Amino acid sequence: MLKYTLRRVLAMIPMLFLISIIVFSLAKLMPGDSLGGEIDPANTDPEYIEQMREKLGYNDPIYEQYFRWITNFIQGDFGKSTRYKIPANEIIMERLPNTIFLSVTSLIITYVLALAMGIYSGRKPYTLGDNTIATANYIGLALPSFVAGVFAIYIFAFHLGWFPSNGSVDVSVTEGTFEYWLSRLHHVLLPAFVLGLLNTASYTQFLRNDIIENSRKDYVRTARAKGTSESKIYNVHIFRNSVIPLVTFLGFDIVNLVGGAIITETIFTYPGIGQLFLTSVTNRDYSVLMTLTMMFSVLTLVGNLVADILYGIVDPRIRLD
Amino acid sequence: MKKSFLKLAALMLVLSLALAACSSGEKTSKSNEGGNKSESQDGGTLTYAMEAEFKGLLDVNFYDGQSDSEILSFNTDPLITFDENIKVQPNIAKWETKDNKVYKFTFEKGVKWHNGDELVVDDWIFALETIAAIGPDHQRWSNVNTIEGAKEFNEGKADSISGLKKINDYEIEITFDKARANNLENIWYYPMNRNHFADLKGNKNIDDWLASDQVRVNPIGTGPFKIEKVIPGESVELVRFDDYWKGKPKLDKVVVKVIDGSLIVGELENGGVDMSAFHPSLLPEIKKMENVKIEEVPGLSYYYIGFKLGTFKDGKSVMDKDKYANKQLRQALLYAIDREEWIEEFFSGLGNPVNRPMPTAHWIAADNSELPVNYTYDPEKAKQLLDEAGYKDVDGDGFREDPNGKKFEINFAHYDTGNPTYEARAKAITQYWEEVGIKSNLTMTEVNLYYDQIEKDHESMEAFYGGWSTGADPDPWGLWGDDTVWNYPRWVNDKANELLKQAVDTEVVGTDQEKRKNLYVEWQKIFNEEVPALPIMELNDVYAISNRVEGVKITPVGMDDMHKWTIKQ
């Protein structure tokens, strides 16, 4: 397995290189640059804008700009954010904890709900309970996240008042206290739930279908004939087999962990990496954009690798070499 | 084993939900915090919402962006201010001048900074020297380099700016490099606390300043509220500054929050937000709310339809395109648009048609009665002008051809930011034109590409929609002069340009504001007659304010007198 992992890691490098070239060129080909939005003829000197363009090197040909960027990047200099005026890695590190908190919470909620509902549906297929769960899930699948987000806010935050509708924490609470962490948890629950809606639905249905399929297999008959209890059959034997597709999803979830919450973060004004990525594209903040892209690419590739390895661990029939 | 773990996890989840629901004594509406004295109007927390994220540069000398400036208006006071007609007025400083070249400023005594220091002229000198030391890298360099000696200071040839002479702690004499009518409006009129920034004094690298805690984490000012806490990208908490020089503010706290546009209506309705600007299209929903009142303020922005009359070559506009060169054609196209109806339909009526490229609130704006043409909606007049100009329908297809008998079509462009009302309103314009017989096509272009193409005189941009926001300095040269890249129509009119040059020349106008205004009125008359761009409308700014809040004052320039605002408990 070690050789396998090593081979995969080495294969990542040319792929990352290629990704960086493509994304960089696409970003630069987009019309406009970060200074375009600053134009305020009453207050902004066009000479200042021209000078800034020269200084930031926007007038050089694309390959020169790319070369400059890649040499800096490899040495660890991720550039300065033209929008926030601080180094790119600083603004990313500022927002990262929020997104990680959101994603981990979302993941926990998703898995707990999906496992609970999936197992229940799998054990009692075609009953009323199963059909209700399936209906709810398909609705969850069909709703786009921005619709779900706005509805959730209107119902849970405005009408029922159970959750706050925006922000990551209450501004008047002092940091580090128990109240502070409670406030953070309180703020993150609704976005985490909305974020996880889609995944919950698909995981539940996958799990349910797998359990039903596995419960028809021969080894289940054998186990029953040998006198194993129903709960042991379902919760140990069948479960272990059915959980395989979920394990592969876990690998991909690592990327969603950091990057996937763009729309949810925007609606809930939850300042995290997703929202940062969106604003960096709209504002042509190239340093942040490229750093985030490289980060997402590395995470995707690592996530794939982790999924494949986990697959090998969970399913003894698969040998990695 | 797995089953019990699952049960446990599910239980924990339910518990945390219950805990979350119970523990929220603080709900979405924070309006009941603070101020337990219910007998007076003192106290309370105002929650102010804005849609665009703030960047976090919260010292006025380094701010860069609309959202930051909204927060700064609560914690900063300018030395001079502007009234509803955008005429300059004294605030902390008053001034005297005989020749528009040498000014003597006198500061109010006893103005305190948030850290307890008293404001003296040294703080202003510190601000000007900081910007001058950083030089062209600083956005405000053009507001400082008009002072005599600023350039030399920047180049290191002098260790102070010769044009700044401190007379005493409260008086300073400033000499500009030459006499100009707008020297006062143009100079950078904010001080910087020299003790707060002592460790950065003289630093020529603007990045060090921008990354400093004094700008991002604990900025100070002289305004009615001081910044207590910043949560980047989300909210800022400001608390009352008791020693504010205009008097102790009534509110306890102001919380500024960033809230997504789709949620503003809901937040206003349930009291989570007390005050916010909103887009005109939301007017019908907000009007229905009983707990919210609407404040409409004349704005400083105007919108036009420009025609590409030429190109920008070597730093100068040259009128070398003849498609829209015919003045009668342009006038007809303006007569053909029912501007009242258009504003009613797409902006809920929160604007007015305008016949000159200047908002009515501005002191140099020409009165409609002074302008040669008023362009009230008149499609018959439009058709008549088109006939006179030679644009007639010769081949019977229902659309007019140009005077040479060739097909004539207008390719109208509008910027696209994702807002669906933009396309509808642009289509309406093309429909007005087709009603008078001119074939028109519409292209929606992504906003960044749009302005890129207009700036570079791309051939696809021949008729385009645009808008500008004017500032305190009335001089429109920056937008309509012949050597400026922002003159998108590339209009050149010698007589008009001469008037603008005279209006800033002190040898012609001296310090006489009336003379200046008259020159600008003459300029507007020429524009109104020639219409190189069709002035369409000016928008009013609208704010939704909760009925609990009283005493709010908003002028075209911004919010004012925040220390007098109160909240009913």
# chains A, B, ... in the order shown; residues from 1 in each chain; ligands from 1

call {"tool": "residues_around", "arguments": {"residues": "Thr417 of chain B", "least_positions_apart": "6", "cutoff": "10 Å", "atoms": "only C-alpha atoms", "output": "ChimeraX atom specification"}}
result
/B:423,444-448

call {"tool": "select_by_dssp", "arguments": {"residues": "segment 279-500 of chain B", "states": "alpha helix (DSSP H)", "output": "PyMOL selection string"}}
result
chain B and resi 283-288+327-335+339-346+379-389+420-435+447-455+477-480+494-500

call {"tool": "closest_residue", "arguments": {"among": "A:Ile108, A:Ile119, A:Ile19, A:Ala261", "to": "Ile238 of chain A", "atoms": "only C-alpha atoms"}}
result
A:Ile119

call {"tool": "closest_atom_pairs", "arguments": {"of": "chain A", "to": "chain B", "cutoff": "6 Å", "atoms": "only C-alpha atoms", "output": "Markdown table"}}
result
| residue | atom | partner | partner_atom | distance |
| --- | --- | --- | --- | --- |
| A:Pro31 | CA | B:Leu449 | CA | 5.0 |
| A:Gly32 | CA | B:Asn448 | CA | 5.2 |
| A:Ala42 | CA | B:Gly471 | CA | 5.3 |
| A:Tyr84 | CA | B:Lys55 | CA | 5.6 |
| A:Ile86 | CA | B:Ala211 | CA | 5.8 |
| A:Trp162 | CA | B:Ala21 | CA | 5.2 |
| A:Pro164 | CA | B:Thr28 | CA | 5.0 |
| A:His186 | CA | B:Ala20 | CA | 5.5 |
| A:Ile267 | CA | B:Asp260 | CA | 5.8 |
| A:Pro271 | CA | B:Gly233 | CA | 5.9 |

call {"tool": "select_by_dssp", "arguments": {"residues": "segment 248-466 of chain B", "states": "strand (DSSP E or B)", "output": "NGL selection string"}}
result
:B and (253-258 or 275-277 or 292-307 or 311-313 or 316-318 or 351-353 or 401 or 407 or 409-416 or 439-446 or 463-466)

call {"tool": "residues_around", "arguments": {"residues": "Asp77 of chain A", "least_positions_apart": "3", "cutoff": "9 Å", "atoms": "only C-alpha atoms", "output": "ChimeraX atom specification"}}
result
/A:69,71-74,80,87-89

call {"tool": "write_last_selection", "arguments": {"atoms": "N, CA and C atoms", "output": "PDB file, in the first residue's frame"}}
result
ATOM      1  N   TRP A  69       4.556  34.216 -10.959  1.00  0.00           N
ATOM      2  CA  TRP A  69       3.700  33.665  -9.924  1.00  0.00           C
ATOM      3  C   TRP A  69       4.176  32.302  -9.459  1.00  0.00           C
ATOM      4  N   THR A  71       7.119  30.867  -9.587  1.00  0.00           N
ATOM      5  CA  THR A  71       8.371  30.858  -8.818  1.00  0.00           C
ATOM      6  C   THR A  71       8.111  31.343  -7.398  1.00  0.00           C
ATOM      7  N   ASN A  72       7.281  32.366  -7.251  1.00  0.00           N
ATOM      8  CA  ASN A  72       6.963  32.834  -5.904  1.00  0.00           C
ATOM      9  C   ASN A  72       6.236  31.773  -5.111  1.00  0.00           C
ATOM     10  N   PHE A  73       5.287  31.116  -5.782  1.00  0.00           N
ATOM     11  CA  PHE A  73       4.419  30.171  -5.095  1.00  0.00           C
ATOM     12  C   PHE A  73       5.220  29.012  -4.514  1.00  0.00           C
ATOM     13  N   ILE A  74       6.140  28.500  -5.334  1.00  0.00           N
ATOM     14  CA  ILE A  74       6.907  27.335  -4.877  1.00  0.00           C
ATOM     15  C   ILE A  74       7.756  27.702  -3.673  1.00  0.00           C
ATOM     16  N   LYS A  80       0.007  38.998  -2.379  1.00  0.00           N
ATOM     17  CA  LYS A  80      -0.791  39.884  -1.534  1.00  0.00           C
ATOM     18  C   LYS A  80      -2.189  40.015  -2.122  1.00  0.00           C
ATOM     19  N   PRO A  87      -1.335  39.843   3.127  1.00  0.00           N
ATOM     20  CA  PRO A  87      -0.887  38.664   2.380  1.00  0.00           C
ATOM     21  C   PRO A  87      -2.010  37.660   2.205  1.00  0.00           C
ATOM     22  N   ALA A  88      -2.009  36.985   1.045  1.00  0.00           N
ATOM     23  CA  ALA A  88      -3.107  36.089   0.700  1.00  0.00           C
ATOM     24  C   ALA A  88      -3.280  34.988   1.738  1.00  0.00           C
ATOM     25  N   ASN A  89      -2.145  34.421   2.198  1.00  0.00           N
ATOM     26  CA  ASN A  89      -2.309  33.318   3.143  1.00  0.00           C
ATOM     27  C   ASN A  89      -2.884  33.793   4.469  1.00  0.00           C
TER      28      ASN A  89
END

call {"tool": "atom_distance", "arguments": {"atom1": "atom CA of Ile133 of chain A", "atom2": "atom CA of Ala148 of chain A"}}
result
17.5 Å

call {"tool": "atom_distance", "arguments": {"atom1": "atom CA of Leu26 of chain A", "atom2": "atom CA of Asp60 of chain A"}}
result
15.8 Å

call {"tool": "closest_residue", "arguments": {"among": "B:Glu70, B:Glu285, B:Asp169, B:Glu129", "to": "Lys201 of chain B", "atoms": "only C-alpha atoms"}}
result
B:Glu129

call {"tool": "decode", "arguments": {"residues": "segment 278-321 of chain A", "atoms": "N, CA and C atoms", "output": "JSON list (two decimals), in the first residue's frame"}}
result
[["chain", "number", "residue", "atom", "x", "y", "z"],
["A", 278, "LEU", "N", -15.53, 33.11, -3.99],
["A", 278, "LEU", "CA", -16.45, 33.79, -4.89],
["A", 278, "LEU", "C", -16.06, 35.26, -5.06],
["A", 279, "THR", "N", -15.77, 35.93, -3.94],
["A", 279, "THR", "CA", -15.42, 37.34, -4.07],
["A", 279, "THR", "C", -14.08, 37.51, -4.77],
["A", 280, "SER", "N", -13.16, 36.56, -4.60],
["A", 280, "SER", "CA", -11.88, 36.73, -5.28],
["A", 280, "SER", "C", -12.04, 36.59, -6.78],
["A", 281, "VAL", "N", -13.00, 35.79, -7.23],
["A", 281, "VAL", "CA", -13.23, 35.70, -8.67],
["A", 281, "VAL", "C", -13.89, 36.98, -9.16],
["A", 282, "THR", "N", -14.92, 37.43, -8.46],
["A", 282, "THR", "CA", -15.63, 38.64, -8.90],
["A", 282, "THR", "C", -14.72, 39.85, -8.90],
["A", 283, "ASN", "N", -13.81, 39.91, -7.94],
["A", 283, "ASN", "CA", -12.96, 41.09, -7.83],
["A", 283, "ASN", "C", -11.60, 40.91, -8.46],
["A", 284, "ARG", "N", -11.39, 39.80, -9.15],
["A", 284, "ARG", "CA", -10.11, 39.54, -9.82],
["A", 284, "ARG", "C", -8.94, 39.66, -8.83],
["A", 285, "ASP", "N", -9.13, 39.05, -7.66],
["A", 285, "ASP", "CA", -8.05, 39.06, -6.66],
["A", 285, "ASP", "C", -7.19, 37.84, -6.95],
["A", 286, "TYR", "N", -6.24, 37.98, -7.89],
["A", 286, "TYR", "CA", -5.56, 36.81, -8.44],
["A", 286, "TYR", "C", -4.79, 36.01, -7.40],
["A", 287, "SER", "N", -4.11, 36.68, -6.47],
["A", 287, "SER", "CA", -3.30, 35.91, -5.51],
["A", 287, "SER", "C", -4.18, 34.97, -4.70],
["A", 288, "VAL", "N", -5.28, 35.52, -4.17],
["A", 288, "VAL", "CA", -6.16, 34.68, -3.36],
["A", 288, "VAL", "C", -6.79, 33.59, -4.21],
["A", 289, "LEU", "N", -7.20, 33.96, -5.41],
["A", 289, "LEU", "CA", -7.85, 33.02, -6.31],
["A", 289, "LEU", "C", -6.94, 31.83, -6.60],
["A", 290, "MET", "N", -5.69, 32.12, -6.98],
["A", 290, "MET", "CA", -4.78, 31.04, -7.34],
["A", 290, "MET", "C", -4.44, 30.20, -6.12],
["A", 291, "THR", "N", -4.21, 30.87, -4.98],
["A", 291, "THR", "CA", -3.87, 30.09, -3.77],
["A", 291, "THR", "C", -5.01, 29.16, -3.40],
["A", 292, "LEU", "N", -6.23, 29.69, -3.45],
["A", 292, "LEU", "CA", -7.37, 28.84, -3.11],
["A", 292, "LEU", "C", -7.54, 27.70, -4.11],
["A", 293, "THR", "N", -7.36, 28.01, -5.39],
["A", 293, "THR", "CA", -7.50, 26.95, -6.39],
["A", 293, "THR", "C", -6.49, 25.84, -6.16],
["A", 294, "MET", "N", -5.25, 26.23, -5.92],
["A", 294, "MET", "CA", -4.24, 25.21, -5.69],
["A", 294, "MET", "C", -4.59, 24.39, -4.45],
["A", 295, "MET", "N", -5.11, 25.08, -3.44],
["A", 295, "MET", "CA", -5.49, 24.38, -2.22],
["A", 295, "MET", "C", -6.59, 23.38, -2.50],
["A", 296, "PHE", "N", -7.62, 23.80, -3.22],
["A", 296, "PHE", "CA", -8.72, 22.90, -3.54],
["A", 296, "PHE", "C", -8.24, 21.73, -4.38],
["A", 297, "SER", "N", -7.34, 22.01, -5.35],
["A", 297, "SER", "CA", -6.86, 20.93, -6.21],
["A", 297, "SER", "C", -6.10, 19.91, -5.40],
["A", 298, "VAL", "N", -5.20, 20.39, -4.52],
["A", 298, "VAL", "CA", -4.45, 19.44, -3.69],
["A", 298, "VAL", "C", -5.42, 18.61, -2.86],
["A", 299, "LEU", "N", -6.41, 19.28, -2.28],
["A", 299, "LEU", "CA", -7.37, 18.57, -1.44],
["A", 299, "LEU", "C", -8.17, 17.55, -2.23],
["A", 300, "THR", "N", -8.57, 17.92, -3.45],
["A", 300, "THR", "CA", -9.32, 16.96, -4.25],
["A", 300, "THR", "C", -8.49, 15.73, -4.53],
["A", 301, "LEU", "N", -7.25, 15.95, -4.94],
["A", 301, "LEU", "CA", -6.40, 14.80, -5.26],
["A", 301, "LEU", "C", -6.12, 13.97, -4.02],
["A", 302, "VAL", "N", -5.85, 14.65, -2.91],
["A", 302, "VAL", "CA", -5.62, 13.91, -1.66],
["A", 302, "VAL", "C", -6.89, 13.16, -1.27],
["A", 303, "GLY", "N", -8.02, 13.84, -1.45],
["A", 303, "GLY", "CA", -9.29, 13.20, -1.11],
["A", 303, "GLY", "C", -9.52, 11.94, -1.91],
["A", 304, "ASN", "N", -9.22, 12.01, -3.21],
["A", 304, "ASN", "CA", -9.35, 10.82, -4.04],
["A", 304, "ASN", "C", -8.48, 9.70, -3.53],
["A", 305, "LEU", "N", -7.25, 10.09, -3.18],
["A", 305, "LEU", "CA", -6.30, 9.08, -2.69],
["A", 305, "LEU", "C", -6.81, 8.43, -1.42],
["A", 306, "VAL", "N", -7.29, 9.29, -0.52],
["A", 306, "VAL", "CA", -7.82, 8.76, 0.75],
["A", 306, "VAL", "C", -8.99, 7.84, 0.49],
["A", 307, "ALA", "N", -9.87, 8.24, -0.44],
["A", 307, "ALA", "CA", -11.03, 7.38, -0.75],
["A", 307, "ALA", "C", -10.58, 6.02, -1.24],
["A", 308, "ASP", "N", -9.59, 6.03, -2.13],
["A", 308, "ASP", "CA", -9.13, 4.75, -2.66],
["A", 308, "ASP", "C", -8.50, 3.89, -1.58],
["A", 309, "ILE", "N", -7.74, 4.50, -0.70],
["A", 309, "ILE", "CA", -7.10, 3.72, 0.36],
["A", 309, "ILE", "C", -8.14, 3.16, 1.32],
["A", 310, "LEU", "N", -9.09, 4.01, 1.69],
["A", 310, "LEU", "CA", -10.13, 3.56, 2.61],
["A", 310, "LEU", "C", -10.92, 2.41, 2.01],
["A", 311, "TYR", "N", -11.14, 2.52, 0.71],
["A", 311, "TYR", "CA", -11.83, 1.47, -0.01],
["A", 311, "TYR", "C", -11.10, 0.14, 0.19],
["A", 312, "GLY", "N", -9.78, 0.21, 0.04],
["A", 312, "GLY", "CA", -8.98, -1.00, 0.21],
["A", 312, "GLY", "C", -9.06, -1.54, 1.63],
["A", 313, "ILE", "N", -9.18, -0.61, 2.60],
["A", 313, "ILE", "CA", -9.23, -1.09, 3.99],
["A", 313, "ILE", "C", -10.57, -1.72, 4.30],
["A", 314, "VAL", "N", -11.64, -1.04, 3.86],
["A", 314, "VAL", "CA", -12.97, -1.49, 4.27],
["A", 314, "VAL", "C", -13.38, -2.78, 3.56],
["A", 315, "ASP", "N", -12.98, -2.88, 2.30],
["A", 315, "ASP", "CA", -13.41, -4.04, 1.51],
["A", 315, "ASP", "C", -12.23, -4.97, 1.31],
["A", 316, "PRO", "N", -12.20, -6.09, 2.03],
["A", 316, "PRO", "CA", -11.03, -6.97, 1.92],
["A", 316, "PRO", "C", -10.88, -7.60, 0.54],
["A", 317, "ARG", "N", -11.92, -7.51, -0.28],
["A", 317, "ARG", "CA", -11.80, -8.10, -1.60],
["A", 317, "ARG", "C", -10.91, -7.27, -2.51],
["A", 318, "ILE", "N", -10.70, -6.02, -2.12],
["A", 318, "ILE", "CA", -9.92, -5.15, -3.01],
["A", 318, "ILE", "C", -8.48, -5.11, -2.55],
["A", 319, "ARG", "N", -7.59, -5.38, -3.43],
["A", 319, "ARG", "CA", -6.17, -5.33, -3.10],
["A", 319, "ARG", "C", -5.55, -4.16, -3.83],
["A", 320, "LEU", "N", -4.86, -3.29, -3.08],
["A", 320, "LEU", "CA", -4.18, -2.17, -3.75],
["A", 320, "LEU", "C", -2.72, -2.51, -3.91],
["A", 321, "ASP", "N", -2.19, -2.35, -5.08],
["A", 321, "ASP", "CA", -0.74, -2.50, -5.19],
["A", 321, "ASP", "C", -0.19, -1.69, -6.35]]
